[in-house]
>>> print(open('work-v4.pdb').read())   # PDB, C-alpha atoms and all ligand atoms
ATOM      1  CA  MET A   1     -54.525  98.818 -77.297  1.00  0.00           C
ATOM      2  CA  LYS A   2     -53.586  97.482 -80.721  1.00  0.00           C
ATOM      3  CA  ILE A   3     -51.654  94.269 -81.168  1.00  0.00           C
ATOM      4  CA  GLY A   4     -49.943  93.340 -84.429  1.00  0.00           C
ATOM      5  CA  ILE A   5     -49.845  89.627 -85.115  1.00  0.00           C
ATOM      6  CA  GLY A   6     -47.773  87.773 -87.677  1.00  0.00           C
ATOM      7  CA  ASN A   7     -47.038  84.200 -88.705  1.00  0.00           C
ATOM      8  CA  ASP A   8     -45.740  81.939 -91.423  1.00  0.00           C
ATOM      9  CA  HIS A   9     -47.562  79.049 -93.140  1.00  0.00           C
ATOM     10  CA  VAL A  10     -46.903  76.707 -90.188  1.00  0.00           C
ATOM     11  CA  ALA A  11     -48.966  78.813 -87.768  1.00  0.00           C
ATOM     12  CA  VAL A  12     -52.085  79.974 -89.630  1.00  0.00           C
ATOM     13  CA  GLU A  13     -54.693  78.220 -87.471  1.00  0.00           C
ATOM     14  CA  TYR A  14     -52.667  78.787 -84.319  1.00  0.00           C
ATOM     15  CA  LYS A  15     -52.494  82.521 -85.091  1.00  0.00           C
ATOM     16  CA  ASN A  16     -56.268  82.660 -85.497  1.00  0.00           C
ATOM     17  CA  VAL A  17     -56.854  81.012 -82.119  1.00  0.00           C
ATOM     18  CA  ILE A  18     -54.480  83.452 -80.403  1.00  0.00           C
ATOM     19  CA  ARG A  19     -56.001  86.397 -82.227  1.00  0.00           C
ATOM     20  CA  GLU A  20     -59.541  85.447 -81.184  1.00  0.00           C
ATOM     21  CA  TYR A  21     -58.375  84.782 -77.628  1.00  0.00           C
ATOM     22  CA  ILE A  22     -56.888  88.269 -77.275  1.00  0.00           C
ATOM     23  CA  GLU A  23     -59.894  89.972 -78.854  1.00  0.00           C
ATOM     24  CA  ALA A  24     -62.375  88.086 -76.655  1.00  0.00           C
ATOM     25  CA  LYS A  25     -60.477  88.311 -73.354  1.00  0.00           C
ATOM     26  CA  TYR A  26     -58.937  91.772 -73.567  1.00  0.00           C
ATOM     27  CA  GLY A  27     -61.050  93.551 -76.167  1.00  0.00           C
ATOM     28  CA  TYR A  28     -57.865  94.649 -77.948  1.00  0.00           C
ATOM     29  CA  GLU A  29     -57.798  95.205 -81.675  1.00  0.00           C
ATOM     30  CA  VAL A  30     -55.550  92.582 -83.267  1.00  0.00           C
ATOM     31  CA  ILE A  31     -54.176  93.516 -86.688  1.00  0.00           C
ATOM     32  CA  ASN A  32     -53.030  90.672 -88.906  1.00  0.00           C
ATOM     33  CA  TYR A  33     -49.678  91.018 -90.721  1.00  0.00           C
ATOM     34  CA  GLY A  34     -49.227  87.297 -91.295  1.00  0.00           C
ATOM     35  CA  THR A  35     -50.242  84.884 -93.998  1.00  0.00           C
ATOM     36  CA  ASP A  36     -53.635  83.172 -94.063  1.00  0.00           C
ATOM     37  CA  SER A  37     -52.515  80.613 -96.601  1.00  0.00           C
ATOM     38  CA  SER A  38     -50.955  77.172 -96.208  1.00  0.00           C
ATOM     39  CA  GLU A  39     -48.623  78.006 -99.123  1.00  0.00           C
ATOM     40  CA  ARG A  40     -44.992  78.276 -98.028  1.00  0.00           C
ATOM     41  CA  PHE A  41     -44.436  81.762 -96.600  1.00  0.00           C
ATOM     42  CA  ASN A  42     -41.036  82.987 -95.468  1.00  0.00           C
ATOM     43  CA  TYR A  43     -41.106  84.056 -91.815  1.00  0.00           C
ATOM     44  CA  PRO A  44     -38.800  87.125 -92.206  1.00  0.00           C
ATOM     45  CA  VAL A  45     -41.522  88.889 -94.221  1.00  0.00           C
ATOM     46  CA  SER A  46     -44.041  88.735 -91.419  1.00  0.00           C
ATOM     47  CA  GLY A  47     -41.494  89.256 -88.623  1.00  0.00           C
ATOM     48  CA  GLU A  48     -40.316  92.477 -90.244  1.00  0.00           C
ATOM     49  CA  ALA A  49     -43.854  93.668 -91.025  1.00  0.00           C
ATOM     50  CA  VAL A  50     -45.015  93.375 -87.415  1.00  0.00           C
ATOM     51  CA  ALA A  51     -41.762  94.873 -86.121  1.00  0.00           C
ATOM     52  CA  ASN A  52     -42.135  97.880 -88.428  1.00  0.00           C
ATOM     53  CA  ALA A  53     -45.722  98.338 -87.263  1.00  0.00           C
ATOM     54  CA  VAL A  54     -44.517  98.397 -83.641  1.00  0.00           C
ATOM     55  CA  VAL A  55     -41.699 100.902 -84.166  1.00  0.00           C
ATOM     56  CA  ASN A  56     -43.892 103.104 -86.409  1.00  0.00           C
ATOM     57  CA  GLY A  57     -46.605 103.176 -83.753  1.00  0.00           C
ATOM     58  CA  GLU A  58     -49.277 101.502 -85.933  1.00  0.00           C
ATOM     59  CA  VAL A  59     -49.652  98.997 -83.095  1.00  0.00           C
ATOM     60  CA  ASP A  60     -48.592  99.033 -79.438  1.00  0.00           C
ATOM     61  CA  LYS A  61     -47.082  95.550 -79.291  1.00  0.00           C
ATOM     62  CA  GLY A  62     -46.458  92.608 -81.586  1.00  0.00           C
ATOM     63  CA  ILE A  63     -46.861  88.841 -81.405  1.00  0.00           C
ATOM     64  CA  VAL A  64     -45.231  86.592 -83.996  1.00  0.00           C
ATOM     65  CA  ILE A  65     -45.521  82.842 -84.479  1.00  0.00           C
ATOM     66  CA  CYS A  66     -43.665  80.370 -86.695  1.00  0.00           C
ATOM     67  CA  GLY A  67     -42.772  76.704 -86.215  1.00  0.00           C
ATOM     68  CA  THR A  68     -40.288  77.289 -83.405  1.00  0.00           C
ATOM     69  CA  GLY A  69     -40.688  81.020 -82.832  1.00  0.00           C
ATOM     70  CA  VAL A  70     -36.986  81.357 -83.536  1.00  0.00           C
ATOM     71  CA  GLY A  71     -36.808  82.516 -87.152  1.00  0.00           C
ATOM     72  CA  ILE A  72     -39.587  85.063 -86.868  1.00  0.00           C
ATOM     73  CA  SER A  73     -38.128  86.523 -83.648  1.00  0.00           C
ATOM     74  CA  LEU A  74     -34.706  86.832 -85.287  1.00  0.00           C
ATOM     75  CA  ALA A  75     -36.303  88.805 -88.117  1.00  0.00           C
ATOM     76  CA  ALA A  76     -38.148  91.072 -85.681  1.00  0.00           C
ATOM     77  CA  ASN A  77     -35.033  91.734 -83.627  1.00  0.00           C
ATOM     78  CA  LYS A  78     -33.221  92.991 -86.748  1.00  0.00           C
ATOM     79  CA  VAL A  79     -35.482  96.063 -86.691  1.00  0.00           C
ATOM     80  CA  ASN A  80     -34.098  98.907 -84.590  1.00  0.00           C
ATOM     81  CA  GLY A  81     -36.146  99.494 -81.463  1.00  0.00           C
ATOM     82  CA  ILE A  82     -37.514  95.960 -81.272  1.00  0.00           C
ATOM     83  CA  ARG A  83     -37.016  93.789 -78.208  1.00  0.00           C
ATOM     84  CA  CYS A  84     -38.645  90.487 -79.119  1.00  0.00           C
ATOM     85  CA  VAL A  85     -38.604  87.562 -76.686  1.00  0.00           C
ATOM     86  CA  THR A  86     -39.114  83.946 -77.729  1.00  0.00           C
ATOM     87  CA  CYS A  87     -40.945  82.114 -74.935  1.00  0.00           C
ATOM     88  CA  SER A  88     -42.100  78.604 -74.166  1.00  0.00           C
ATOM     89  CA  GLU A  89     -43.304  79.367 -70.628  1.00  0.00           C
ATOM     90  CA  PRO A  90     -45.047  82.275 -68.864  1.00  0.00           C
ATOM     91  CA  TYR A  91     -42.316  83.168 -66.336  1.00  0.00           C
ATOM     92  CA  SER A  92     -39.908  84.451 -68.988  1.00  0.00           C
ATOM     93  CA  ALA A  93     -42.769  86.189 -70.774  1.00  0.00           C
ATOM     94  CA  LYS A  94     -43.695  88.119 -67.609  1.00  0.00           C
ATOM     95  CA  LEU A  95     -40.102  88.950 -66.651  1.00  0.00           C
ATOM     96  CA  SER A  96     -39.346  90.014 -70.207  1.00  0.00           C
ATOM     97  CA  ARG A  97     -41.959  92.731 -69.784  1.00  0.00           C
ATOM     98  CA  GLU A  98     -40.974  93.712 -66.234  1.00  0.00           C
ATOM     99  CA  HIS A  99     -37.208  93.803 -66.782  1.00  0.00           C
ATOM    100  CA  ASN A 100     -36.572  93.999 -70.524  1.00  0.00           C
ATOM    101  CA  ASN A 101     -39.599  96.016 -71.642  1.00  0.00           C
ATOM    102  CA  THR A 102     -40.109  93.656 -74.563  1.00  0.00           C
ATOM    103  CA  ASN A 103     -42.357  95.055 -77.258  1.00  0.00           C
ATOM    104  CA  MET A 104     -42.728  91.786 -79.151  1.00  0.00           C
ATOM    105  CA  LEU A 105     -43.436  88.185 -78.177  1.00  0.00           C
ATOM    106  CA  ALA A 106     -42.664  85.095 -80.251  1.00  0.00           C
ATOM    107  CA  PHE A 107     -43.483  81.455 -79.763  1.00  0.00           C
ATOM    108  CA  GLY A 108     -43.464  78.267 -81.744  1.00  0.00           C
ATOM    109  CA  ALA A 109     -46.634  76.573 -82.991  1.00  0.00           C
ATOM    110  CA  ARG A 110     -44.733  73.286 -83.150  1.00  0.00           C
ATOM    111  CA  VAL A 111     -43.294  73.744 -79.656  1.00  0.00           C
ATOM    112  CA  VAL A 112     -45.926  75.301 -77.398  1.00  0.00           C
ATOM    113  CA  GLY A 113     -49.409  73.797 -76.971  1.00  0.00           C
ATOM    114  CA  ILE A 114     -52.206  76.256 -77.556  1.00  0.00           C
ATOM    115  CA  GLU A 115     -53.401  76.414 -73.931  1.00  0.00           C
ATOM    116  CA  LEU A 116     -49.858  77.083 -72.710  1.00  0.00           C
ATOM    117  CA  ALA A 117     -49.548  79.714 -75.419  1.00  0.00           C
ATOM    118  CA  LYS A 118     -52.603  81.491 -73.993  1.00  0.00           C
ATOM    119  CA  MET A 119     -50.935  81.524 -70.563  1.00  0.00           C
ATOM    120  CA  ILE A 120     -47.778  82.970 -72.116  1.00  0.00           C
ATOM    121  CA  VAL A 121     -49.835  85.656 -73.850  1.00  0.00           C
ATOM    122  CA  ASP A 122     -51.606  86.493 -70.569  1.00  0.00           C
ATOM    123  CA  ALA A 123     -48.303  86.800 -68.686  1.00  0.00           C
ATOM    124  CA  TRP A 124     -46.809  88.979 -71.397  1.00  0.00           C
ATOM    125  CA  LEU A 125     -49.821  91.258 -71.986  1.00  0.00           C
ATOM    126  CA  THR A 126     -50.343  91.913 -68.275  1.00  0.00           C
ATOM    127  CA  GLY A 127     -46.661  92.311 -67.368  1.00  0.00           C
ATOM    128  CA  GLU A 128     -45.724  95.929 -66.649  1.00  0.00           C
ATOM    129  CA  TYR A 129     -42.267  97.344 -67.258  1.00  0.00           C
ATOM    130  CA  GLU A 130     -40.680  98.267 -63.913  1.00  0.00           C
ATOM    131  CA  GLY A 131     -38.189 100.850 -65.191  1.00  0.00           C
ATOM    132  CA  GLY A 132     -35.678 101.959 -62.543  1.00  0.00           C
ATOM    133  CA  ARG A 133     -32.481  99.927 -62.608  1.00  0.00           C
ATOM    134  CA  HIS A 134     -33.623  98.133 -65.743  1.00  0.00           C
ATOM    135  CA  GLN A 135     -33.661 101.306 -67.822  1.00  0.00           C
ATOM    136  CA  VAL A 136     -29.852 101.498 -67.794  1.00  0.00           C
ATOM    137  CA  ARG A 137     -29.698  98.151 -69.579  1.00  0.00           C
ATOM    138  CA  ILE A 138     -32.435  99.082 -72.056  1.00  0.00           C
ATOM    139  CA  ASP A 139     -30.447 102.236 -72.849  1.00  0.00           C
ATOM    140  CA  MET A 140     -27.372 100.055 -73.408  1.00  0.00           C
ATOM    141  CA  LEU A 141     -29.306  97.973 -75.939  1.00  0.00           C
ATOM    142  CA  LYS A 142     -30.150 101.188 -77.781  1.00  0.00           C
ATOM    143  CA  GLU A 143     -26.475 102.143 -77.719  1.00  0.00           C
ATOM    144  CA  ILE A 144     -25.601  98.841 -79.418  1.00  0.00           C
ATOM    145  CA  GLU A 145     -28.052  99.708 -82.195  1.00  0.00           C
ATOM    146  CA  GLU A 146     -26.468 103.153 -82.595  1.00  0.00           C
ATOM    147  CA  ARG A 147     -22.955 101.663 -82.781  1.00  0.00           C
ATOM    148  CA  GLN A 148     -24.092  99.182 -85.419  1.00  0.00           C
ATOM    149  CA  LYS A 149     -25.624 101.977 -87.513  1.00  0.00           C
ATOM    150  CA  SER A 150     -22.364 103.922 -87.555  1.00  0.00           C
ATOM    151  CA  LYS A 151     -20.250 100.953 -88.767  1.00  0.00           C
TER     152      LYS A 151
HETATM  153  C1  LIG A 201     -40.781  76.434 -91.461  1.00  0.00           C
HETATM  154  O1  LIG A 201     -40.548  75.145 -91.912  1.00  0.00           O
HETATM  155  C2  LIG A 201     -39.955  76.700 -90.197  1.00  0.00           C
HETATM  156  O2  LIG A 201     -38.604  76.731 -90.507  1.00  0.00           O
HETATM  157  C3  LIG A 201     -40.388  77.992 -89.540  1.00  0.00           C
HETATM  158  O3  LIG A 201     -41.734  77.922 -89.214  1.00  0.00           O
HETATM  159  C4  LIG A 201     -39.692  78.351 -88.236  1.00  0.00           C
HETATM  160  O4  LIG A 201     -39.728  77.303 -87.335  1.00  0.00           O
HETATM  161  C5  LIG A 201     -38.349  78.932 -88.375  1.00  0.00           C
HETATM  162  O5  LIG A 201     -37.704  79.344 -87.391  1.00  0.00           O
END
>>> encode(input="work-v4.pdb", output="structure tokens")
Amino acid sequence: MKIGIGNDHVAVEYKNVIREYIEAKYGYEVINYGTDSSERFNYPVSGEAVANAVVNGEVDKGIVICGTGVGISLAANKVNGIRCVTCSEPYSAKLSREHNNTNMLAFGARVVGIELAKMIVDAWLTGEYEGGRHQVRIDMLKEIEERQKSK
């Protein structure tokens, strides 16, 4: 399993803690698409980079972190095929996998404490998509993308 990770300047240290946590606990390869500098770095760059890596199959899933998790998730969700959830608690993270088949997770370094973030990551990485009745809605999301393309 390969995880793409991205961040802006607000979340450099936070990203490193999450990256090391995933590598140590799950043994997954975590590929860094974010900045490692404290210089101002615009979150859409990293959100798009991780999203592209997910849809191109370079990585299986993506995790993106900015101050709130909002901006970087908005950028990711602009990429066709991305379903990125912004979470501040594990319940939504787990259900977003089971029901929405999310392929990206976002959270805010200024919002979520690091230990809670690890719990969110655990819930999201271990959540399994249930398919069945949920697939109809996932297909409808794809149809929205197709309608937008043809405008
Ligand atoms: C950077 O100041 C901040 O706007 C960014 O990290 C993020 O919170 C945006 O949504």
>>> residues_near_ligand(input="work-v4.pdb", ligand="ligand LIG 201 (chain A)", cutoff="9 Å", atoms="all atoms listed in the file", output="count of residues only")
22
>>> resolve_selection(input="work-v4.pdb", expression="the PyMOL selection byres (((chain A and resi 128-132) around 9) and not hetatm)", output="list in words")
Lys94, Leu95, Ser96, Arg97, Glu98, His99, Asn100, Asn101, Thr102, Trp124, Leu125, Thr126, Gly127, Arg133, His134, Gln135 and Val136 of chain A
>>> closest_residue(input="work-v4.pdb", among="A:Tyr91, A:Glu23, A:Lys61, A:Asn103", to="A:Leu116", atoms="all atoms listed in the file")
A:Tyr91
>>> resolve_selection(input="work-v4.pdb", expression="the PyMOL selection byres (((chain A and resi 115) around 12) and not hetatm)", output="list in words")
Tyr14, Val17, Ile18, Tyr21, Ser88, Glu89, Pro90, Ala109, Val111, Val112, Gly113, Ile114, Leu116, Ala117, Lys118, Met119, Ile120, Val121 and Asp122 of chain A
>>> axis_aligned_box(input="work-v4.pdb", around="stretch 53-65 of chain A", padding_each_side="4 Å", output="JSON")
{"center_x": -45.7, "center_y": 93.0, "center_z": -83.3, "size_x": 16.0, "size_y": 28.3, "size_z": 16.0}
>>> residues_around(input="work-v4.pdb", residues="stretch 49-53 of chain A", least_positions_apart="4", cutoff="9 Å", atoms="all atoms listed in the file", output="list in words")
Gly4, Ile5, Gly6, Asn32, Tyr33, Gly34, Pro44, Val45, Gly57, Glu58, Val59, Asp60, Lys61, Gly62, Ile63, Val64, Ala75, Ala76, Asn77, Lys78, Val79, Asn80, Gly81, Ile82, Cys84, Asn103 and Met104 of chain A
>>> atom_distance(input="work-v4.pdb", atom1="atom CA of A:Asp36", atom2="atom CA of A:Val12")
5.7 Å
>>> atom_distance(input="work-v4.pdb", atom1="atom CA of A:Leu105", atom2="atom CA of A:Lys2")
14.0 Å
>>> atom_distance(input="work-v4.pdb", atom1="atom CA of A:Ile3", atom2="atom CA of A:Glu48")
14.6 Å
>>> closest_residue(input="work-v4.pdb", among="A:Cys87, A:Val30, A:Met1, A:Ala123", to="A:Ala106", atoms="only C-alpha atoms")
A:Cys87
>>> decode(input="work-v4.pdb", residues="stretch 89-120 of chain A", atoms="N, CA, C and O atoms", output="mmCIF file, in the first residue's frame")
data_model
loop_
_atom_site.group_PDB
_atom_site.id
_atom_site.type_symbol
_atom_site.label_atom_id
_atom_site.label_comp_id
_atom_site.auth_asym_id
_atom_site.auth_seq_id
_atom_site.Cartn_x
_atom_site.Cartn_y
_atom_site.Cartn_z
ATOM 1 N N GLU A 89 -12.762 14.189 13.478
ATOM 2 C CA GLU A 89 -13.030 13.080 14.418
ATOM 3 C C GLU A 89 -13.074 11.747 13.643
ATOM 4 O O GLU A 89 -13.309 11.743 12.441
ATOM 5 N N PRO A 90 -12.840 10.628 14.342
ATOM 6 C CA PRO A 90 -12.689 9.353 13.642
ATOM 7 C C PRO A 90 -13.978 8.773 13.055
ATOM 8 O O PRO A 90 -13.919 8.031 12.082
ATOM 9 N N TYR A 91 -15.132 9.107 13.640
ATOM 10 C CA TYR A 91 -16.388 8.497 13.165
ATOM 11 C C TYR A 91 -16.626 8.829 11.691
ATOM 12 O O TYR A 91 -16.904 7.947 10.873
ATOM 13 N N SER A 92 -16.509 10.112 11.355
ATOM 14 C CA SER A 92 -16.716 10.516 9.956
ATOM 15 C C SER A 92 -15.646 9.915 9.050
ATOM 16 O O SER A 92 -15.931 9.562 7.895
ATOM 17 N N ALA A 93 -14.433 9.803 9.570
ATOM 18 C CA ALA A 93 -13.351 9.219 8.775
ATOM 19 C C ALA A 93 -13.697 7.778 8.402
ATOM 20 O O ALA A 93 -13.567 7.364 7.242
ATOM 21 N N LYS A 94 -14.166 7.008 9.389
ATOM 22 C CA LYS A 94 -14.508 5.598 9.154
ATOM 23 C C LYS A 94 -15.697 5.476 8.202
ATOM 24 O O LYS A 94 -15.661 4.720 7.232
ATOM 25 N N LEU A 95 -16.750 6.251 8.482
ATOM 26 C CA LEU A 95 -17.953 6.178 7.633
ATOM 27 C C LEU A 95 -17.667 6.691 6.219
ATOM 28 O O LEU A 95 -18.286 6.225 5.257
ATOM 29 N N SER A 96 -16.738 7.614 6.105
ATOM 30 C CA SER A 96 -16.416 8.121 4.767
ATOM 31 C C SER A 96 -15.772 7.039 3.911
ATOM 32 O O SER A 96 -15.865 7.071 2.684
ATOM 33 N N ARG A 97 -15.111 6.104 4.544
ATOM 34 C CA ARG A 97 -14.575 4.946 3.807
ATOM 35 C C ARG A 97 -15.702 3.943 3.533
ATOM 36 O O ARG A 97 -15.845 3.472 2.415
ATOM 37 N N GLU A 98 -16.486 3.631 4.549
ATOM 38 C CA GLU A 98 -17.493 2.568 4.412
ATOM 39 C C GLU A 98 -18.601 2.955 3.436
ATOM 40 O O GLU A 98 -19.079 2.114 2.670
ATOM 41 N N HIS A 99 -19.027 4.212 3.481
ATOM 42 C CA HIS A 99 -20.174 4.636 2.670
ATOM 43 C C HIS A 99 -19.783 5.416 1.419
ATOM 44 O O HIS A 99 -20.439 5.294 0.386
ATOM 45 N N ASN A 100 -18.769 6.250 1.539
ATOM 46 C CA ASN A 100 -18.432 7.174 0.440
ATOM 47 C C ASN A 100 -17.193 6.759 -0.342
ATOM 48 O O ASN A 100 -16.830 7.426 -1.315
ATOM 49 N N ASN A 101 -16.549 5.695 0.099
ATOM 50 C CA ASN A 101 -15.335 5.207 -0.571
ATOM 51 C C ASN A 101 -14.339 6.336 -0.816
ATOM 52 O O ASN A 101 -13.810 6.484 -1.925
ATOM 53 N N THR A 102 -14.115 7.147 0.206
ATOM 54 C CA THR A 102 -13.179 8.262 0.043
ATOM 55 C C THR A 102 -11.784 7.729 -0.279
ATOM 56 O O THR A 102 -11.338 6.722 0.286
ATOM 57 N N ASN A 103 -11.130 8.432 -1.198
ATOM 58 C CA ASN A 103 -9.758 8.038 -1.546
ATOM 59 C C ASN A 103 -8.730 9.053 -1.047
ATOM 60 O O ASN A 103 -7.532 8.863 -1.235
ATOM 61 N N MET A 104 -9.239 10.132 -0.420
ATOM 62 C CA MET A 104 -8.333 11.071 0.237
ATOM 63 C C MET A 104 -8.924 11.557 1.560
ATOM 64 O O MET A 104 -10.140 11.669 1.698
ATOM 65 N N LEU A 105 -8.015 11.839 2.484
ATOM 66 C CA LEU A 105 -8.363 12.342 3.814
ATOM 67 C C LEU A 105 -7.641 13.671 4.032
ATOM 68 O O LEU A 105 -6.457 13.792 3.698
ATOM 69 N N ALA A 106 -8.366 14.634 4.598
ATOM 70 C CA ALA A 106 -7.741 15.918 4.941
ATOM 71 C C ALA A 106 -8.041 16.240 6.398
ATOM 72 O O ALA A 106 -9.107 15.889 6.915
ATOM 73 N N PHE A 107 -7.090 16.884 7.052
ATOM 74 C CA PHE A 107 -7.390 17.467 8.352
ATOM 75 C C PHE A 107 -6.505 18.674 8.597
ATOM 76 O O PHE A 107 -5.561 18.936 7.849
ATOM 77 N N GLY A 108 -6.873 19.418 9.646
ATOM 78 C CA GLY A 108 -6.224 20.689 9.883
ATOM 79 C C GLY A 108 -5.225 20.628 11.029
ATOM 80 O O GLY A 108 -5.585 20.273 12.160
ATOM 81 N N ALA A 109 -3.993 21.032 10.757
ATOM 82 C CA ALA A 109 -2.945 21.023 11.785
ATOM 83 C C ALA A 109 -3.238 22.016 12.909
ATOM 84 O O ALA A 109 -2.763 21.850 14.028
ATOM 85 N N ARG A 110 -4.027 23.055 12.574
ATOM 86 C CA ARG A 110 -4.378 24.046 13.587
ATOM 87 C C ARG A 110 -5.690 23.704 14.282
ATOM 88 O O ARG A 110 -6.146 24.448 15.161
ATOM 89 N N VAL A 111 -6.301 22.600 13.889
ATOM 90 C CA VAL A 111 -7.627 22.240 14.408
ATOM 91 C C VAL A 111 -7.576 20.951 15.229
ATOM 92 O O VAL A 111 -8.173 20.863 16.302
ATOM 93 N N VAL A 112 -6.865 19.962 14.702
ATOM 94 C CA VAL A 112 -6.876 18.616 15.270
ATOM 95 C C VAL A 112 -5.535 18.338 15.959
ATOM 96 O O VAL A 112 -4.480 18.412 15.312
ATOM 97 N N GLY A 113 -5.580 18.009 17.238
ATOM 98 C CA GLY A 113 -4.354 17.629 17.960
ATOM 99 C C GLY A 113 -3.754 16.373 17.354
ATOM 100 O O GLY A 113 -4.464 15.545 16.770
ATOM 101 N N ILE A 114 -2.457 16.221 17.507
ATOM 102 C CA ILE A 114 -1.759 15.162 16.778
ATOM 103 C C ILE A 114 -2.214 13.757 17.194
ATOM 104 O O ILE A 114 -2.287 12.849 16.354
ATOM 105 N N GLU A 115 -2.545 13.560 18.467
ATOM 106 C CA GLU A 115 -2.983 12.215 18.879
ATOM 107 C C GLU A 115 -4.369 11.898 18.316
ATOM 108 O O GLU A 115 -4.635 10.758 17.922
ATOM 109 N N LEU A 116 -5.239 12.908 18.274
ATOM 110 C CA LEU A 116 -6.546 12.706 17.633
ATOM 111 C C LEU A 116 -6.370 12.459 16.141
ATOM 112 O O LEU A 116 -7.060 11.614 15.550
ATOM 113 N N ALA A 117 -5.430 13.148 15.546
ATOM 114 C CA ALA A 117 -5.159 12.939 14.115
ATOM 115 C C ALA A 117 -4.757 11.492 13.845
ATOM 116 O O ALA A 117 -5.181 10.903 12.851
ATOM 117 N N LYS A 118 -3.974 10.911 14.732
ATOM 118 C CA LYS A 118 -3.570 9.502 14.552
ATOM 119 C C LYS A 118 -4.797 8.586 14.616
ATOM 120 O O LYS A 118 -4.898 7.616 13.855
ATOM 121 N N MET A 119 -5.734 8.903 15.500
ATOM 122 C CA MET A 119 -6.965 8.107 15.590
ATOM 123 C C MET A 119 -7.803 8.243 14.317
ATOM 124 O O MET A 119 -8.409 7.290 13.847
ATOM 125 N N ILE A 120 -7.827 9.454 13.775
ATOM 126 C CA ILE A 120 -8.550 9.685 12.515
ATOM 127 C C ILE A 120 -7.901 8.877 11.389
ATOM 128 O O ILE A 120 -8.587 8.208 10.603
#
